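K.L.:
Contents are mmCIF, C-alpha atoms and all ligand atoms; file name upload01.cif:
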data_work
#
loop_
_atom_site.label_atom_id
_atom_site.label_comp_id
_atom_site.auth_asym_id
_atom_site.auth_seq_id
_atom_site.Cartn_x
_atom_site.Cartn_y
_atom_site.Cartn_z
CA MET P 1 203.95 -221.30 -109.38
CA LYS P 2 206.54 -223.01 -111.55
CA ILE P 3 210.25 -222.32 -111.12
CA LYS P 4 211.70 -220.49 -114.13
CA ARG P 5 215.32 -219.77 -113.30
CA VAL P 6 218.03 -220.15 -110.68
CA GLN P 7 220.95 -217.75 -110.53
CA LEU P 8 224.05 -217.97 -108.35
CA PHE P 9 226.10 -214.92 -107.38
CA PRO P 10 229.45 -215.38 -105.63
CA ILE P 11 230.43 -212.60 -103.26
CA ALA P 12 233.22 -212.07 -100.73
CA THR P 13 232.92 -210.02 -97.59
CA PRO P 14 235.53 -209.19 -94.94
CA ARG P 15 234.99 -209.68 -91.22
CA GLN P 16 235.75 -207.09 -88.58
CA THR P 17 238.24 -209.63 -87.23
CA GLY P 18 240.39 -209.47 -90.35
CA ILE P 19 239.55 -212.39 -92.61
CA ALA P 20 237.29 -212.42 -95.68
CA ASN P 21 234.71 -215.10 -96.50
CA GLN P 22 233.10 -216.17 -99.74
CA HIS P 23 229.37 -216.85 -100.03
CA VAL P 24 226.95 -217.60 -102.85
CA ILE P 25 223.70 -215.64 -103.10
CA VAL P 26 220.85 -217.61 -104.71
CA LYS P 27 218.09 -215.98 -106.74
CA LEU P 28 215.02 -218.01 -107.73
CA GLU P 29 212.41 -216.79 -110.19
CA ALA P 30 208.99 -218.44 -110.49
CA GLY P 31 205.50 -217.89 -111.90
CA ASP P 32 204.88 -214.54 -113.57
CA SER P 33 207.04 -212.31 -111.43
CA HIS P 34 207.87 -214.03 -108.16
CA VAL P 35 211.39 -213.92 -106.75
CA GLY P 36 213.05 -215.55 -103.75
CA TRP P 37 216.52 -215.08 -102.27
CA GLY P 38 218.73 -217.45 -100.33
CA GLU P 39 222.40 -217.98 -99.62
CA MET P 40 225.04 -220.67 -99.40
CA SER P 41 226.92 -219.32 -96.41
CA ASP P 42 230.67 -219.10 -95.81
CA LEU P 43 232.49 -221.32 -98.26
CA SER P 44 235.88 -220.34 -96.81
CA HIS P 45 236.43 -223.55 -94.88
CA VAL P 46 238.36 -226.77 -95.34
CA PRO P 47 238.35 -228.75 -97.56
CA MET P 48 239.93 -226.03 -99.65
CA TYR P 49 238.25 -226.41 -102.98
CA GLN P 50 235.27 -224.62 -104.40
CA PHE P 51 232.18 -225.15 -106.52
CA ASP P 52 232.39 -224.90 -110.23
CA LEU P 53 229.64 -222.26 -110.04
CA PRO P 54 228.59 -222.11 -113.72
CA GLU P 55 228.31 -225.90 -113.67
CA LEU P 56 226.35 -225.91 -110.40
CA GLU P 57 224.02 -223.23 -111.75
CA ARG P 58 223.44 -225.22 -114.94
CA MET P 59 222.68 -228.37 -112.92
CA LEU P 60 220.28 -226.61 -110.55
CA ASN P 61 218.42 -225.08 -113.50
CA GLU P 62 218.02 -228.50 -115.08
CA LEU P 63 216.86 -229.95 -111.80
CA LEU P 64 214.46 -227.20 -110.74
CA ARG P 65 213.15 -225.55 -113.90
CA GLY P 66 209.44 -226.27 -114.39
CA LYS P 67 208.98 -227.69 -110.86
CA GLU P 68 206.15 -226.48 -108.62
CA ALA P 69 207.89 -224.11 -106.17
CA ARG P 70 205.33 -224.77 -103.44
CA ASN P 71 206.13 -228.45 -103.37
CA LEU P 72 208.95 -228.07 -100.88
CA ALA P 73 208.83 -231.74 -99.96
CA LYS P 74 209.38 -232.95 -103.52
CA ILE P 75 212.13 -230.46 -104.29
CA GLU P 76 213.89 -231.32 -101.05
CA ASP P 77 213.62 -235.01 -101.84
CA ASP P 78 215.23 -234.47 -105.25
CA LEU P 79 217.96 -232.29 -103.78
CA ILE P 80 218.82 -234.86 -101.10
CA ARG P 81 219.33 -237.44 -103.85
CA PHE P 82 221.54 -235.22 -105.98
CA PHE P 83 223.33 -233.55 -103.05
CA PRO P 84 223.54 -236.25 -100.36
CA ASP P 85 224.85 -235.86 -96.81
CA GLU P 86 228.62 -235.69 -96.71
CA GLY P 87 229.10 -236.04 -92.98
CA HIS P 88 231.39 -233.15 -92.16
CA MET P 89 231.03 -229.68 -90.69
CA TYR P 90 231.39 -227.79 -93.93
CA SER P 91 229.49 -230.03 -96.29
CA ARG P 92 229.17 -228.47 -99.75
CA SER P 93 226.03 -230.57 -100.35
CA GLY P 94 224.41 -229.06 -97.26
CA LEU P 95 225.23 -225.57 -98.52
CA VAL P 96 223.64 -226.21 -101.93
CA ARG P 97 220.47 -227.46 -100.26
CA GLN P 98 220.52 -224.54 -97.80
CA GLY P 99 220.73 -222.03 -100.66
CA VAL P 100 217.77 -223.49 -102.53
CA ASP P 101 215.68 -224.17 -99.41
CA LEU P 102 216.08 -220.61 -98.15
CA ALA P 103 215.28 -219.09 -101.55
CA LEU P 104 212.19 -221.31 -101.87
CA HIS P 105 210.91 -220.36 -98.42
CA ASP P 106 211.48 -216.69 -99.25
CA LEU P 107 209.74 -217.07 -102.62
CA ILE P 108 206.66 -218.90 -101.36
CA ALA P 109 206.21 -216.70 -98.30
CA ARG P 110 206.66 -213.50 -100.37
CA ALA P 111 204.09 -214.72 -102.89
CA ALA P 112 201.68 -215.24 -99.98
CA GLY P 113 202.60 -211.86 -98.45
CA ALA P 114 203.51 -213.66 -95.21
CA PRO P 115 206.68 -214.03 -93.13
CA VAL P 116 208.62 -217.31 -93.47
CA TYR P 117 207.79 -218.31 -89.89
CA ASP P 118 204.15 -218.61 -91.03
CA LEU P 119 205.26 -221.25 -93.52
CA LEU P 120 206.93 -223.04 -90.62
CA GLY P 121 203.63 -223.13 -88.75
CA GLY P 122 203.71 -219.84 -86.85
CA LYS P 123 205.84 -218.33 -84.13
CA LEU P 124 206.41 -219.16 -80.49
CA ARG P 125 208.88 -216.31 -79.84
CA ASP P 126 209.92 -213.08 -81.52
CA ARG P 127 213.62 -213.10 -80.61
CA MET P 128 216.49 -215.38 -79.73
CA ARG P 129 219.41 -214.58 -77.47
CA VAL P 130 222.70 -214.84 -79.39
CA CYS P 131 226.39 -214.60 -78.55
CA TYR P 132 229.40 -212.92 -80.14
CA PRO P 133 232.39 -215.16 -80.97
CA ILE P 134 235.87 -214.76 -79.50
CA PHE P 135 238.08 -216.67 -81.88
CA ARG P 136 240.77 -219.10 -80.82
CA MET P 137 243.96 -217.81 -79.23
CA ARG P 138 247.21 -219.49 -80.12
CA SER P 139 249.42 -217.13 -78.14
CA VAL P 140 249.09 -215.06 -74.96
CA GLU P 141 249.53 -211.86 -76.99
CA GLU P 142 246.08 -212.51 -78.40
CA VAL P 143 244.42 -212.26 -74.96
CA ALA P 144 244.47 -208.48 -74.47
CA PRO P 145 242.99 -207.58 -77.89
CA ASN P 146 240.24 -210.15 -77.36
CA LEU P 147 239.33 -208.66 -73.96
CA GLU P 148 239.15 -205.28 -75.71
CA ARG P 149 236.80 -206.81 -78.28
CA VAL P 150 234.49 -207.99 -75.48
CA GLU P 151 234.43 -204.43 -74.16
CA GLU P 152 233.65 -203.05 -77.62
CA LYS P 153 230.84 -205.54 -78.19
CA LEU P 154 229.38 -204.87 -74.76
CA ALA P 155 229.15 -201.20 -75.72
CA GLN P 156 227.09 -202.35 -78.73
CA GLY P 157 224.75 -204.34 -76.50
CA PHE P 158 226.29 -207.84 -76.60
CA ASP P 159 226.40 -209.21 -73.07
CA LEU P 160 227.01 -212.80 -74.17
CA ILE P 161 230.08 -214.35 -75.84
CA ARG P 162 231.38 -217.76 -76.74
CA VAL P 163 235.06 -218.60 -76.61
CA TYR P 164 237.02 -220.97 -78.84
CA VAL P 165 239.57 -222.81 -76.71
CA GLY P 166 241.99 -225.72 -76.82
CA ALA P 167 244.99 -224.56 -78.87
CA ASN P 168 246.98 -222.79 -76.14
CA LEU P 169 245.78 -223.50 -72.60
CA GLU P 170 247.94 -220.79 -71.11
CA ALA P 171 246.24 -218.20 -73.33
CA ASP P 172 242.81 -219.70 -72.62
CA GLU P 173 243.34 -219.55 -68.85
CA LEU P 174 244.66 -216.03 -69.00
CA PHE P 175 241.71 -214.89 -71.07
CA LEU P 176 239.06 -216.62 -68.95
CA GLY P 177 240.55 -215.43 -65.65
CA GLN P 178 240.89 -211.84 -66.80
CA PHE P 179 237.46 -211.97 -68.41
CA THR P 180 235.90 -212.89 -65.07
CA ASP P 181 237.77 -210.15 -63.19
CA ARG P 182 236.80 -207.53 -65.72
CA PHE P 183 233.31 -208.52 -66.86
CA ARG P 184 231.74 -210.48 -63.97
CA GLY P 185 228.06 -209.59 -63.77
CA ARG P 186 228.20 -207.69 -67.08
CA VAL P 187 228.97 -210.30 -69.75
CA GLU P 188 228.21 -214.05 -69.72
CA ILE P 189 229.89 -216.93 -71.55
CA LYS P 190 227.54 -219.14 -73.53
CA SER P 191 230.03 -221.81 -74.50
CA LEU P 192 233.61 -222.99 -74.55
CA ASP P 193 234.13 -224.54 -77.99
CA PHE P 194 237.00 -227.02 -78.45
CA SER P 195 236.17 -227.46 -82.16
CA ASN P 196 237.10 -231.19 -81.93
CA LEU P 197 240.77 -230.28 -81.38
CA LEU P 198 241.38 -232.35 -78.23
CA ASP P 199 240.62 -235.89 -77.14
CA TRP P 200 237.97 -236.09 -74.45
CA ARG P 201 240.39 -236.61 -71.56
CA ARG P 202 242.47 -233.57 -72.45
CA ALA P 203 239.27 -231.58 -72.85
CA ALA P 204 238.07 -232.79 -69.44
CA MET P 205 241.36 -231.77 -67.82
CA ALA P 206 241.23 -228.34 -69.47
CA LEU P 207 237.65 -227.88 -68.25
CA GLU P 208 238.68 -228.64 -64.67
CA ARG P 209 241.04 -225.68 -64.89
CA PHE P 210 238.56 -223.44 -66.69
CA ASP P 211 235.88 -224.24 -64.09
CA GLU P 212 237.99 -222.48 -61.47
CA LEU P 213 238.28 -219.38 -63.60
CA CYS P 214 234.87 -218.67 -65.05
CA ASP P 215 231.23 -219.59 -65.38
CA TYR P 216 229.79 -220.76 -68.71
CA MET P 217 226.62 -222.41 -69.94
CA LEU P 218 227.92 -225.33 -72.00
CA VAL P 219 230.82 -227.10 -73.72
CA GLU P 220 230.96 -227.71 -77.47
CA SER P 221 232.87 -230.24 -79.59
CA GLY P 222 234.93 -231.59 -76.69
CA ALA P 223 236.17 -234.76 -78.44
CA PRO P 224 237.70 -235.47 -81.85
CA ARG P 225 235.44 -235.36 -84.87
CA ASN P 226 233.13 -238.41 -85.04
CA ASP P 227 234.35 -239.74 -81.66
CA ILE P 228 230.88 -240.29 -80.27
CA GLU P 229 232.14 -242.65 -77.57
CA GLY P 230 234.72 -240.10 -76.44
CA LEU P 231 232.07 -237.41 -76.27
CA ALA P 232 229.90 -239.70 -74.13
CA GLN P 233 232.89 -240.19 -71.79
CA LEU P 234 233.35 -236.44 -71.53
CA ARG P 235 229.65 -235.95 -70.86
CA SER P 236 229.66 -238.46 -68.02
CA ARG P 237 232.57 -236.64 -66.36
CA THR P 238 231.60 -233.00 -66.66
CA ARG P 239 228.99 -230.98 -64.84
CA ARG P 240 228.04 -228.78 -67.77
CA PRO P 241 225.86 -229.68 -70.74
CA ILE P 242 227.65 -230.99 -73.83
CA SER P 243 226.76 -229.78 -77.31
CA GLU P 244 227.85 -231.00 -80.72
CA HIS P 245 227.16 -229.88 -84.29
CA VAL P 246 224.77 -232.33 -85.92
CA LEU P 247 225.90 -233.35 -89.39
CA HIS P 248 222.78 -235.16 -90.62
CA ILE P 249 219.67 -236.74 -89.14
CA HIS P 250 221.23 -240.15 -88.53
CA HIS P 251 224.17 -238.46 -86.81
CA GLY P 252 221.65 -236.72 -84.55
CA TRP P 253 220.19 -240.08 -83.65
CA GLN P 254 223.67 -241.55 -83.04
CA LEU P 255 224.67 -238.69 -80.73
CA LEU P 256 221.44 -238.93 -78.75
CA SER P 257 221.18 -242.70 -78.50
CA ALA P 258 224.83 -242.95 -77.38
CA GLY P 259 224.18 -240.43 -74.60
CA ALA P 260 226.97 -238.28 -76.06
CA VAL P 261 225.23 -234.90 -75.91
CA ASP P 262 222.76 -232.83 -73.96
CA ILE P 263 222.32 -230.37 -76.80
CA LEU P 264 222.09 -230.70 -80.56
CA ASN P 265 223.73 -227.76 -82.35
CA VAL P 266 221.34 -227.42 -85.30
CA SER P 267 222.18 -225.26 -88.30
CA PRO P 268 220.61 -224.74 -91.76
CA TYR P 269 224.00 -224.29 -93.47
CA LEU P 270 225.06 -227.75 -92.38
CA LEU P 271 221.83 -229.71 -92.50
CA GLY P 272 220.65 -228.20 -95.77
CA GLY P 273 217.97 -225.66 -94.90
CA LEU P 274 215.03 -225.05 -92.62
CA ARG P 275 213.09 -228.26 -93.21
CA ALA P 276 216.04 -230.44 -92.25
CA CYS P 277 216.50 -228.37 -89.08
CA GLU P 278 212.87 -228.79 -88.09
CA ARG P 279 213.22 -232.57 -88.34
CA MET P 280 216.31 -232.44 -86.16
CA ILE P 281 214.51 -230.35 -83.56
CA ALA P 282 211.75 -232.96 -83.49
CA LEU P 283 214.39 -235.63 -82.94
CA ALA P 284 215.75 -233.70 -79.98
CA GLU P 285 212.23 -233.34 -78.60
CA ALA P 286 211.72 -237.10 -78.88
CA ALA P 287 214.95 -237.70 -76.94
CA ARG P 288 214.15 -235.00 -74.35
CA ALA P 289 217.38 -233.29 -75.43
CA SER P 290 218.03 -229.59 -75.89
CA VAL P 291 218.65 -227.55 -79.02
CA LEU P 292 220.73 -224.52 -79.87
CA ILE P 293 221.05 -222.90 -83.28
CA GLY P 294 224.65 -222.78 -84.48
CA THR P 295 226.30 -220.87 -87.27
CA THR P 296 228.96 -220.84 -89.92
CA GLN P 297 228.55 -217.05 -89.77
CA GLU P 298 225.79 -216.42 -92.25
CA LEU P 299 225.15 -213.15 -94.05
CA ASN P 300 221.85 -211.34 -93.45
CA LEU P 301 219.71 -213.66 -95.60
CA GLY P 302 221.01 -216.74 -93.80
CA THR P 303 220.67 -215.07 -90.41
CA ALA P 304 217.08 -214.02 -91.15
CA ALA P 305 216.30 -217.64 -92.03
CA VAL P 306 217.69 -218.71 -88.65
CA ALA P 307 215.55 -216.08 -86.93
CA HIS P 308 212.41 -217.57 -88.53
CA LEU P 309 213.51 -221.06 -87.55
CA ALA P 310 214.08 -219.91 -83.98
CA ALA P 311 210.65 -218.27 -83.93
CA ALA P 312 208.93 -221.53 -84.85
CA ALA P 313 211.19 -224.02 -83.02
CA ARG P 314 209.37 -226.15 -80.44
CA ILE P 315 212.63 -226.81 -78.62
CA LEU P 316 215.16 -224.02 -78.17
CA ASP P 317 216.79 -224.03 -74.77
CA TYR P 318 220.08 -222.21 -75.23
CA PRO P 319 221.22 -219.00 -76.91
CA GLY P 320 222.28 -219.22 -80.55
CA ASP P 321 225.50 -218.25 -82.31
CA ASN P 322 224.11 -216.13 -85.13
CA THR P 323 225.89 -212.78 -85.24
CA GLY P 324 227.21 -212.87 -88.83
CA PRO P 325 225.65 -209.49 -89.71
CA HIS P 326 227.68 -207.97 -86.86
CA LEU P 327 230.87 -209.68 -87.93
CA TYR P 328 230.84 -208.96 -91.66
CA THR P 329 231.58 -205.46 -92.86
CA ASP P 330 229.41 -205.61 -96.00
CA ASP P 331 226.30 -207.36 -97.31
CA VAL P 332 223.80 -207.42 -100.18
CA VAL P 333 220.65 -206.37 -98.32
CA LYS P 334 219.16 -202.89 -98.16
CA ALA P 335 218.60 -203.04 -94.40
CA PRO P 336 220.06 -205.66 -92.06
CA VAL P 337 218.35 -207.93 -89.52
CA GLN P 338 217.89 -206.27 -86.15
CA TYR P 339 219.61 -207.07 -82.87
CA GLU P 340 218.58 -205.77 -79.47
CA GLN P 341 220.60 -206.41 -76.32
CA SER P 342 222.20 -209.64 -77.56
CA HIS P 343 218.97 -210.83 -79.15
CA LEU P 344 218.31 -211.48 -82.83
CA LEU P 345 214.81 -210.20 -83.64
CA THR P 346 212.48 -212.13 -85.95
CA PRO P 347 211.93 -210.09 -89.13
CA GLU P 348 208.26 -209.31 -89.75
CA GLY P 349 208.11 -208.47 -93.48
CA PRO P 350 207.05 -210.90 -96.23
CA GLY P 351 209.38 -213.83 -96.95
CA LEU P 352 212.63 -213.75 -95.01
CA GLY P 353 211.80 -210.10 -94.37
CA LEU P 354 214.77 -208.55 -96.20
CA GLU P 355 215.26 -206.76 -99.50
CA VAL P 356 218.27 -207.48 -101.70
CA ASP P 357 219.99 -204.48 -103.27
CA GLU P 358 220.59 -205.91 -106.75
CA THR P 359 222.94 -203.14 -107.88
CA LYS P 360 225.08 -203.75 -104.83
CA LEU P 361 224.94 -207.50 -105.41
CA GLN P 362 226.23 -207.03 -108.93
CA THR P 363 229.10 -204.86 -107.76
CA MET P 364 230.01 -207.30 -105.00
CA THR P 365 229.92 -210.21 -107.44
CA ALA P 366 232.11 -208.34 -109.91
CA ASN P 367 234.61 -207.64 -107.12
CA ALA P 368 234.49 -211.06 -105.46
CA ALA P 369 238.01 -212.36 -105.15
CA TRP P 370 238.96 -215.75 -103.81
CA THR P 371 241.05 -215.28 -100.70
CA PHE P 372 242.30 -218.69 -99.62
CA GLY P 373 245.98 -218.72 -98.79
CA VAL P 374 248.02 -221.42 -97.11
CA ASP P 375 247.39 -220.19 -93.56
CA LEU P 376 245.76 -223.34 -92.23
CA ALA P 377 245.51 -222.15 -88.60
CA GLY P 378 243.80 -218.99 -89.86
CA VAL P 379 241.30 -221.00 -91.89
CA LEU P 380 240.57 -223.32 -88.97
CA ASP P 381 240.42 -220.63 -86.28
CA ARG P 382 238.93 -217.80 -88.39
CA THR P 383 241.75 -215.49 -87.38
CA ALA P 384 243.78 -213.11 -89.53
CA ALA P 385 247.22 -213.97 -90.87
CA ASN P 386 248.76 -211.05 -88.95
CA ARG P 387 247.88 -212.54 -85.52
CA PRO P 388 250.96 -212.67 -83.21
CA SER P 389 251.06 -216.49 -83.09
CA ALA P 390 251.41 -216.73 -86.89
CA GLU P 391 255.11 -215.96 -86.55
CA ARG P 392 255.66 -219.20 -84.64
CA GLY P 393 255.53 -221.30 -87.83
CA PRO P 394 252.95 -223.54 -89.43
CA VAL P 395 250.22 -225.21 -87.38
CA LYS P 396 249.22 -228.80 -87.98
O1 LIG P 401 232.16 -224.32 -84.38
C1 LIG P 401 231.39 -223.36 -84.42
O2 LIG P 401 230.47 -223.33 -83.63
C2 LIG P 401 231.65 -222.23 -85.35
O3 LIG P 401 230.58 -221.45 -85.69
C3 LIG P 401 232.53 -222.57 -86.48
O4 LIG P 401 231.85 -223.34 -87.38
C4 LIG P 401 233.21 -221.36 -87.09
O5 LIG P 401 234.43 -221.71 -87.67
C5 LIG P 401 232.36 -220.63 -88.10
C6 LIG P 401 233.07 -219.41 -88.63
O6 LIG P 401 233.26 -219.32 -89.85
O7 LIG P 401 233.43 -218.54 -87.83
O8 LIG P 401 232.05 -221.47 -89.17
MG MG P 402 231.12 -225.12 -82.66
MG MG P 403 231.99 -220.43 -91.09
#
Let me see whether you can do it: turn the structure in this file into structure tokens.
P.N.:
Amino acid sequence: MKIKRVQLFPIATPRQTGIANQHVIVKLEAGDSHVGWGEMSDLSHVPMYQFDLPELERMLNELLRGKEARNLAKIEDDLIRFFPDEGHMYSRSGLVRQGVDLALHDLIARAAGAPVYDLLGGKLRDRMRVCYPIFRMRSVEEVAPNLERVEEKLAQGFDLIRVYVGANLEADELFLGQFTDRFRGRVEIKSLDFSNLLDWRRAAMALERFDELCDYMLVESGAPRNDIEGLAQLRSRTRRPISEHVLHIHHGWQLLSAGAVDILNVSPYLLGGLRACERMIALAEAARASVLIGTTQELNLGTAAVAHLAAAARILDYPGDNTGPHLYTDDVVKAPVQYEQSHLLTPEGPGLGLEVDETKLQTMTANAAWTFGVDLAGVLDRTAANRPSAERGPVK
């Protein structure tokens, strides 16, 4: 089954929380009539530059055309050479590899009439618990609307959230205290995510205060980016498990061998697809560490891929973060992935288990507008420019 053509379709889709994100949908054609779909998820992050999409499409066609689609190992090997690890959370290289890897898995599994988890060796579970994000608060005025959002999401079945903290401790404390009073026994907190904003000692001090206010499962990114030693310090001083996003396989080894984490946050958008994630999960198994599946907030195709990964993962100890289809207000699929009581269900159809609505895709591509402004706090926190704290001036 030889690859014939790769096509890239940019789209933009707003979130319920007020920002819009750009993504690239990947279509692969192979053999006589086989098709596979993937995505490069959420390009609306720093650094604020974008692909030259026609150029990327031309390059991928040159690289992939005529290759045997079933030889995932060879194609991945080529892609890693042309799109090497970049070592940051929003690696463009990782996104290119994710897009192709997902489309290839969809293509091969569809051609076999089997779900993608079969390609990954089968399934150990048919659902994964996931949490809804509460984005970072930079002023106390943002507390009340966020508590309302928890209430709204609970009504839709989400009894698990994660909270981004570390920009305004007064707002964080207010939110966490009021959350406990209002939702104790009804909603749980999966993680407090510092997003590498604070040094480990400041994070440790904040956690001492948060510990008095609420219960939570784990702490994420509690030291500056790449400060593995700082993270290890934090881990030795806190009671809760420490998680960090893994940037590439050597980074995974560095985090584990330095004793800096309990949990690897593994994600196809960052690592470059499902195969890279499976290797990382094996690394965690070797180190007797835990795994959770993180997110950049994928669309439905990317979320379905995560559901298949979760189904086949040998190690998966904590809930995942994958609620993109609940966050975005529009998508290119005919029917979305299913959630049930805070769980993402593994799709059962062939391939990723979703159908792309090509007419809709074309309309969304025609309407895709680039939305980056100069609201850096908004880009970092994923919050809308009309949030109350935006009036306080620029954020560094
Ligand atoms: O740090 C995280 O765990 C988040 O998922 C983070 O990456 C978010 O900014 C996410 C988003 O777009 O909301 O990428
Ligand atoms: Mg995180
Ligand atoms: Mg993102």
K.L.:
Taking all atoms listed in the file into account, produce a table as CSV in which each residue of chain P with an atom at most 8 Å from an atom of ligand MG 402 (chain P) appears once, together with its shortest atom pair and the distance in Å to one decimal, ordered by chain and rising number.
P.N.:
residue,atom,partner,partner_atom,distance
P:Asp193,CA,P:MG402,MG,5.6
P:Phe194,CA,P:MG402,MG,7.5
P:Ser195,CA,P:MG402,MG,5.6
P:Glu220,CA,P:MG402,MG,5.8
P:Ser221,CA,P:MG402,MG,6.2
P:Glu244,CA,P:MG402,MG,7.0
P:His245,CA,P:MG402,MG,6.4
P:Asn265,CA,P:MG402,MG,7.9
P:Gly294,CA,P:MG402,MG,7.1
P:Thr295,CA,P:MG402,MG,7.9
K.L.:
With 8 Å of padding per side, what axis-aligned box (centre and edge lengths, Å, one decimal) covers all the listed atoms of segment 258-266 of chain P? Give it as JSON.
P.N.:
{"center_x": 224.2, "center_y": -235.2, "center_z": -79.6, "size_x": 21.6, "size_y": 31.5, "size_z": 27.3}
K.L.:
P:Arg202, P:Arg15, P:Arg184, P:Lys2: which is nearest ligand MG 403 (chain P), counting all atoms listed in the file?
P.N.:
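Checking each of P:Arg202, P:Arg15, P:Arg184, P:Lys2 against ligand MG 403 (chain P), counting all atoms listed in the file, the winner is P:Arg15.
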K.L.:
Looking at only C-alpha atoms, which of P:Ala384, P:Leu104, P:Val333, P:Ile315 is the one that sits closest to Leu124 of chain P?
P.N.:
P:Ile315
K.L.:
Name the residues in contact with segment 87-101 of chain P at a cut-off of 7 Å, using all atoms listed in the file, excluding same-chain residues fewer than 5 positions from it; report them as a ChimeraX atom specification.
P.N.:
/P:26,38-41,45,79,247-248,268-274
K.L.:
Taking 6 positions as the minimum chain separation for residues in the same chain, which residues sit within 9 Å of Glu278 of chain P when counting all atoms listed in the file? Answer as a PDB file with C-alpha atoms, keeping the file's coordinate frame.
P.N.:
ATOM      1  CA  LEU P 120     206.930-223.040 -90.620  1.00  0.00           C
ATOM      2  CA  LEU P 309     213.510-221.060 -87.550  1.00  0.00           C
ATOM      3  CA  ALA P 312     208.930-221.530 -84.850  1.00  0.00           C
ATOM      4  CA  ALA P 313     211.190-224.020 -83.020  1.00  0.00           C
ATOM      5  CA  ARG P 314     209.370-226.150 -80.440  1.00  0.00           C
TER       6      ARG P 314
END
K.L.:
How many Å lie between atom CA of Gln16 of chain P and atom O3 of ligand LIG 401 (chain P), rounded to one decimal?
P.N.:
15.5 Å
K.L.:
Report, in Å with one decimal, the straight-line distance from atom CA of Arg237 of chain P to atom CA of Gly177 of chain P.
P.N.:
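Separating atom CA of Arg237 of chain P from atom CA of Gly177 of chain P is a distance of 22.7 Å.
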K.L.:
Give me the residues within 7 Å of segment 238-241 of chain P as a ChimeraX atom specification, counting all atoms listed in the file and dropping any in the same chain fewer than 4 places off.
P.N.:
/P:217-219,234,262
K.L.:
Could you save the residues just selected, with C-alpha atoms, as a tab-separated table (two decimals), in the coordinates of the input?
P.N.:
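The resulting file, part22.tsv, is shown below:
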chain	number	residue	atom	x	y	z
P	217	MET	CA	226.62	-222.41	-69.94
P	218	LEU	CA	227.92	-225.33	-72.00
P	219	VAL	CA	230.82	-227.10	-73.72
P	234	LEU	CA	233.35	-236.44	-71.53
P	262	ASP	CA	222.76	-232.83	-73.96
K.L.:
Find the nearest atom pair between each residue of chain P and ligand MG 403 (chain P) for residues within 12 Å, count all atoms listed in the file, give distances in Å to one decimal, sort rows by chain and ascending number, and present the table as a tab-separated table.
P.N.:
residue	atom	partner	partner_atom	distance
P:Arg15	CA	P:MG403	MG	11.2
P:Ile19	CA	P:MG403	MG	11.1
P:Ala20	CA	P:MG403	MG	10.6
P:Asn21	CA	P:MG403	MG	8.1
P:Gln22	CA	P:MG403	MG	9.7
P:His23	CA	P:MG403	MG	10.0
P:Met40	CA	P:MG403	MG	10.8
P:Ser41	CA	P:MG403	MG	7.4
P:Asp42	CA	P:MG403	MG	5.1
P:Leu43	CA	P:MG403	MG	7.2
P:Ser44	CA	P:MG403	MG	6.9
P:His45	CA	P:MG403	MG	6.6
P:Val46	CA	P:MG403	MG	9.9
P:Met89	CA	P:MG403	MG	9.3
P:Tyr90	CA	P:MG403	MG	7.9
P:Ser91	CA	P:MG403	MG	11.2
P:Leu95	CA	P:MG403	MG	11.3
P:Pro133	CA	P:MG403	MG	11.4
P:Phe135	CA	P:MG403	MG	11.7
P:Ser267	CA	P:MG403	MG	11.3
P:Tyr269	CA	P:MG403	MG	9.2
P:Leu270	CA	P:MG403	MG	10.2
P:Gly294	CA	P:MG403	MG	10.2
P:Thr295	CA	P:MG403	MG	6.9
P:Thr296	CA	P:MG403	MG	3.3
P:Gln297	CA	P:MG403	MG	5.0
P:Glu298	CA	P:MG403	MG	7.5
P:Leu299	CA	P:MG403	MG	10.4
P:Gly302	CA	P:MG403	MG	11.9
P:Asp321	CA	P:MG403	MG	11.1
P:Asn322	CA	P:MG403	MG	10.8
P:Thr323	CA	P:MG403	MG	11.4
P:Gly324	CA	P:MG403	MG	9.2
P:Leu327	CA	P:MG403	MG	11.3
P:Tyr328	CA	P:MG403	MG	11.5
P:Gly378	CA	P:MG403	MG	12.0
P:Val379	CA	P:MG403	MG	9.4
P:Leu380	CA	P:MG403	MG	9.3
P:Asp381	CA	P:MG403	MG	9.7
P:Arg382	CA	P:MG403	MG	7.9
P:Thr383	CA	P:MG403	MG	11.6
K.L.:
Which residue gives the smallest distance to ligand LIG 401 (chain P) among P:Tyr49, P:Phe83, P:Trp370, P:Tyr164, with all atoms listed in the file counted?
P.N.:
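Of the candidates, the smallest distance to ligand LIG 401 (chain P) is held by P:Tyr164.
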K.L.:
Gly66 of chain P: which residues within 9 Å, counting only C-alpha atoms, same-chain residues fewer than 4 positions away excluded, as a list in words?
P.N.:
Met1, Lys2, Ile3, Lys4, Arg5, Ala30 and Glu62 of chain P
K.L.:
List the spatial neighbours of Gly320 of chain P as a list of chain:residue names - criterion: any atom at most 6 Å away, all atoms listed in the file, same-chain residues fewer than 4 positions off excluded.
P.N.:
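Counting all atoms listed in the file, the residues come to P:Val130, P:Leu292, P:Ile293, P:Gly294.
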K.L.:
For atom CA of Leu176 of chain P and atom CA of Asn146 of chain P, determine how far apart the two atoms are, in Å to one decimal place.
P.N.:
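That distance, rounded to one decimal, is 10.7 Å.
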